[in-house]
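To be precise, the following lines are coords-v3.txt, and they hold compact mmCIF, C-alpha atoms.
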# COMPACT_ATOMS: atom_id res chain seq x y z
CA MET A 188 0.00 0.00 0.00
CA ASN A 189 1.44 3.38 -0.93
CA LYS A 190 1.19 6.53 1.24
CA GLU A 191 -1.93 7.81 -0.54
CA GLN A 192 -3.70 4.45 -0.20
CA ARG A 193 -2.75 4.28 3.49
CA SER A 194 -4.10 7.80 4.08
CA GLN A 195 -7.32 6.93 2.25
CA LYS A 196 -7.75 3.74 4.32
CA VAL A 197 -7.18 5.65 7.58
CA ALA A 198 -9.75 8.29 6.58
CA GLU A 199 -12.24 5.55 5.69
CA LEU A 200 -11.73 3.84 9.05
CA MET A 201 -11.96 7.10 11.01
CA ASN A 202 -15.42 7.67 9.50
CA ALA A 203 -16.63 4.08 9.97
CA LYS A 204 -19.86 3.34 11.84
CA PHE A 205 -18.17 0.53 13.81
CA PRO A 206 -15.62 0.91 16.63
CA VAL A 207 -12.15 1.80 15.33
CA THR A 208 -9.00 1.70 17.43
CA ILE A 209 -5.30 2.16 16.75
CA GLY A 210 -5.10 -1.64 16.82
CA SER A 211 -7.77 -2.07 14.15
CA ILE A 212 -6.08 0.55 11.97
CA ALA A 213 -2.76 -1.29 12.43
CA LYS A 214 -4.39 -4.55 11.38
CA ALA A 215 -5.93 -2.93 8.27
CA LEU A 216 -2.58 -1.38 7.31
CA GLU A 217 -0.58 -4.47 8.30
CA CYS A 218 1.76 -2.52 10.55
CA SER A 219 2.47 -1.88 14.24
CA SER A 220 0.17 0.24 16.39
CA LEU A 221 2.79 2.98 16.55
CA GLU A 222 3.12 3.02 12.74
CA ALA A 223 -0.68 3.17 12.48
CA ALA A 224 -0.81 6.12 14.88
CA LYS A 225 1.78 7.91 12.74
CA GLU A 226 -0.55 7.48 9.73
CA LEU A 227 -3.26 9.60 11.37
CA PRO A 228 -3.80 13.13 10.07
CA ALA A 229 -1.30 15.59 11.60
CA ASP A 230 -4.06 17.46 13.46
CA ASN A 231 -5.04 14.24 15.25
CA VAL A 232 -1.72 13.19 16.72
CA SER A 233 1.57 14.24 18.23
CA PHE A 234 4.35 12.30 19.90
CA ALA A 235 6.74 12.62 22.81
CA ASP A 236 9.80 10.51 23.47
CA GLY A 237 9.23 7.79 26.06
CA SER A 238 11.69 9.59 28.36
CA GLU A 239 8.89 12.13 28.96
CA PHE A 240 6.85 9.47 30.81
CA LYS A 241 7.10 10.92 34.31
CA SER A 242 6.09 14.46 33.32
CA VAL A 243 3.23 13.13 31.17
CA TRP A 244 1.99 10.84 33.97
CA GLU A 245 2.12 13.73 36.45
CA GLU A 246 -0.11 15.78 34.14
CA LEU A 247 -2.53 12.87 33.75
CA CYS A 248 -2.75 12.68 37.56
CA ASN A 249 -4.17 16.23 37.54
CA TRP A 250 -7.21 15.08 35.57
CA GLU A 251 -10.42 14.80 37.56
CA LYS A 252 -11.01 11.38 35.99
CA ALA A 253 -9.40 9.23 33.32
CA THR A 254 -10.00 5.80 31.86
CA LEU A 255 -6.95 3.57 31.68
CA ILE A 256 -7.32 0.85 29.04
CA VAL A 257 -5.17 -2.23 28.66
CA GLN A 258 -5.80 -4.58 25.72
CA HIS A 259 -4.25 -8.01 25.86
CA MET A 260 -4.97 -11.06 23.70
CA GLY A 261 -8.41 -9.76 22.71
CA ASN A 262 -9.35 -8.75 26.25
CA VAL A 263 -9.98 -5.13 27.18
CA PHE A 264 -9.53 -3.92 30.74
CA GLU A 265 -10.93 -0.48 31.64
CA ILE A 266 -10.31 1.35 34.90
CA ALA A 267 -12.09 4.69 35.26
CA CYS A 268 -10.70 6.75 38.15
CA LYS A 269 -8.46 9.63 39.15
CA LEU A 270 -4.92 8.47 38.44
CA ALA A 271 -2.45 8.41 41.30
CA PRO A 272 1.12 9.69 41.21
CA GLY A 273 4.04 7.43 41.93
CA LYS A 274 7.77 7.32 42.29
CA GLU A 275 10.67 5.62 40.61
CA ALA A 276 12.30 2.71 42.45
CA MET A 277 14.03 -0.53 41.50
CA GLY A 278 13.52 0.02 37.75
CA TYR A 279 9.78 0.70 37.98
CA TYR A 280 7.45 3.64 38.31
CA ASN A 281 5.41 2.58 41.33
CA ILE A 282 1.89 4.02 41.42
CA MET A 283 1.08 4.94 44.98
CA GLY A 284 -2.72 5.03 44.84
CA ASN A 285 -3.87 5.10 48.44
CA LYS A 286 -7.25 6.58 47.48
CA SER A 287 -7.27 5.34 43.88
CA PRO A 288 -8.36 1.89 42.75
CA LEU A 289 -5.37 1.94 40.40
CA GLY A 290 -2.00 0.79 41.63
CA GLY A 291 0.86 -1.00 40.00
CA HIS A 292 4.42 -1.00 38.79
CA LEU A 293 5.19 0.37 35.35
CA LYS A 294 8.32 -0.62 33.45
CA PHE A 295 8.52 2.91 32.05
CA ASP A 296 12.04 2.56 30.64
CA GLN A 297 10.52 0.32 27.94
CA TYR A 298 8.29 3.11 26.60
CA LYS A 299 9.69 4.24 23.27
CA GLU A 300 7.09 6.87 22.36
CA ILE A 301 4.01 8.45 23.83
CA GLY A 302 1.21 9.39 21.43
CA PHE A 303 -1.37 12.10 22.03
CA ILE A 304 -4.18 10.87 19.83
CA THR A 305 -7.56 12.23 18.81
CA LEU A 306 -9.59 9.44 17.25
CA PRO A 307 -13.39 9.42 17.02
CA PHE A 308 -14.91 6.33 18.61
CA MET A 309 -18.30 5.30 17.23
CA GLY A 310 -18.91 8.88 16.12
CA ARG A 311 -18.00 10.37 19.51
CA GLU A 312 -15.13 12.72 20.25
CA SER A 313 -12.31 10.83 21.95
CA HIS A 314 -8.80 11.77 23.09
CA PHE A 315 -6.16 9.54 24.63
CA VAL A 316 -2.50 9.17 25.51
CA ALA A 317 -0.99 5.91 24.23
CA PHE A 318 2.25 4.41 25.50
CA PHE A 319 4.21 2.39 22.91
CA ASN A 320 7.13 0.00 23.35
CA GLU A 321 10.19 -0.50 21.12
CA ALA A 322 8.28 -2.94 18.87
CA GLY A 323 5.57 -0.32 18.28
CA GLU A 324 2.98 -2.13 20.40
CA GLU A 325 0.51 -0.13 22.45
CA ILE A 326 1.20 -1.05 26.08
CA PHE A 327 -1.75 0.87 27.52
CA SER A 328 -3.71 4.06 26.95
CA VAL A 329 -5.21 6.75 29.16
CA TYR A 330 -8.40 8.33 27.83
CA VAL A 331 -9.88 11.69 28.77
CA GLY A 332 -12.53 10.84 31.35
CA ARG A 333 -16.27 11.24 30.94
CA GLU A 334 -19.15 12.16 33.21
CA LYS A 335 -22.65 11.30 31.98
CA HIS A 336 -21.12 10.35 28.59
CA GLU A 337 -19.59 13.82 28.13
CA LEU A 338 -15.85 14.50 28.12
CA ILE A 339 -14.63 16.25 31.27
CA GLU A 340 -13.74 19.67 29.91
CA SER A 341 -10.72 20.34 32.16
CA ALA A 342 -9.16 16.97 31.22
CA LYS A 343 -9.85 17.61 27.53
CA GLU A 344 -8.16 21.01 27.77
CA SER A 345 -5.14 19.45 29.49
CA PHE A 346 -4.94 16.75 26.81
CA LEU A 347 -5.16 19.29 23.97
CA ALA A 348 -2.41 21.39 25.60
CA MET A 349 -0.12 18.34 25.80
CA GLN A 350 -0.97 17.34 22.21
CA LYS A 351 -0.05 20.86 21.07
CA LYS A 352 3.12 20.98 23.21
CA TYR A 353 4.49 17.79 21.67
CA ARG A 354 3.45 18.71 18.14
CA GLY A 355 6.53 20.91 18.14
Serialized structure, structure tokens:
Amino acid sequence: MNKEQRSQKVAELMNAKFPVTIGSIAKALECSSLEAAKELPADNVSFADGSEFKSVWEELCNWEKATLIVQHMGNVFEIACKLAPGKEAMGYYNIMGNKSPLGGHLKFDQYKEIGFITLPFMGRESHFVAFFNEAGEEIFSVYVGREKHELIESAKESFLAMQKKYRG
């Protein structure tokens, strides 16, 4: 598929009536998730180096609510909550979520790139931060939270500011 055909396929998928994800775009283009994200229109995406993880995570922790999504072997895990900050120790970023249902240990040194992606989902506005590894796989994503099916405006504004900052 040449560049024009890839762009046309991405546009077709972005306007589809069925759910479209970075993973489904990658499958259609026969490429990695990171390569698929880089095929999105320039206004829909920007990227930061994985070394920016801690500052990005700190900003995400300021959001009133987010939805962390992990997809693995066809399963989709969603955790909607206020993200908790953490600290680096023993090669991990350890989420210290005393009041948050989300805790864990992130191997953040394996994050190659961080994508700030705007991708409609079933016709609805959607914004998320995707963390990619060296192989271009999406490790997990953090979506702008919703209340009563509407995006939380302060989180959306924060996302858009980060997307603009890393657009260069």
Write out as a Markdown table the residues of segment 264-293 of chain A that have any atom within 6 Å of an atom of segment 238-255 of chain A, one row each with the nearest atom pair and its distance in Å to one decimal, counting all atoms listed in the file, sorted by chain and then rising number.
| residue | atom | partner | partner_atom | distance |
| --- | --- | --- | --- | --- |
| A:Glu265 | CA | A:Leu255 | CA | 5.7 |
| A:Ile266 | CA | A:Leu255 | CA | 5.2 |
| A:Ala267 | CA | A:Thr254 | CA | 4.1 |
| A:Cys268 | CA | A:Lys252 | CA | 5.1 |
| A:Lys269 | CA | A:Lys252 | CA | 4.4 |
| A:Leu270 | CA | A:Cys248 | CA | 4.8 |
| A:Ala271 | CA | A:Cys248 | CA | 5.7 |
Nearby residues, (-0.4, -1.7, 30.7) file frame, 12 Å, all atoms listed in the file, as a ChimeraX atom specification: /A:255-259,263-266,289-295,297-298,317-320,324-329
Nearest to Leu221 of chain A by atom-to-atom distance, counting all atoms listed in the file, from A:Leu347, A:Met201, A:Ile339, A:Ala322: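 The shortest atom-to-atom distance to Leu221 of chain A comes from A:Ala322.
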Pick out the closest residue to Gly210 of chain A from this set: A:Asp230, A:Glu191, A:Glu222, A:Glu337. Count only C-alpha atoms. A:Glu222
At most 10 Å from (-4.8, 6.0, 15.1), file frame, all atoms listed in the file: which residues, as a ChimeraX atom specification? /A:197,200-201,207-213,220-228,231-232,302-307,317
Restricting it to C-alpha atoms, dump the selection as a compact mmCIF listing (two decimals), in the frame of the given file.
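selection-v7.txt, written as the output of this step:
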# COMPACT_ATOMS: atom_id res chain seq x y z
CA VAL A 197 -7.18 5.65 7.58
CA LEU A 200 -11.73 3.84 9.05
CA MET A 201 -11.96 7.10 11.01
CA VAL A 207 -12.15 1.80 15.33
CA THR A 208 -9.00 1.70 17.43
CA ILE A 209 -5.30 2.16 16.75
CA GLY A 210 -5.10 -1.64 16.82
CA SER A 211 -7.77 -2.07 14.15
CA ILE A 212 -6.08 0.55 11.97
CA ALA A 213 -2.76 -1.29 12.43
CA SER A 220 0.17 0.24 16.39
CA LEU A 221 2.79 2.98 16.55
CA GLU A 222 3.12 3.02 12.74
CA ALA A 223 -0.68 3.17 12.48
CA ALA A 224 -0.81 6.12 14.88
CA LYS A 225 1.78 7.91 12.74
CA GLU A 226 -0.55 7.48 9.73
CA LEU A 227 -3.26 9.60 11.37
CA PRO A 228 -3.80 13.13 10.07
CA ASN A 231 -5.04 14.24 15.25
CA VAL A 232 -1.72 13.19 16.72
CA GLY A 302 1.21 9.39 21.43
CA PHE A 303 -1.37 12.10 22.03
CA ILE A 304 -4.18 10.87 19.83
CA THR A 305 -7.56 12.23 18.81
CA LEU A 306 -9.59 9.44 17.25
CA PRO A 307 -13.39 9.42 17.02
CA ALA A 317 -0.99 5.91 24.23
Of the candidates A:Ser219, A:Glu334, A:Ala229, A:Gly355, which shows the shortest atom-to-atom distance to Glu321 of chain A, using all atoms listed in the file?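 Among the listed residues, the smallest separation from Glu321 of chain A belongs to A:Ser219.
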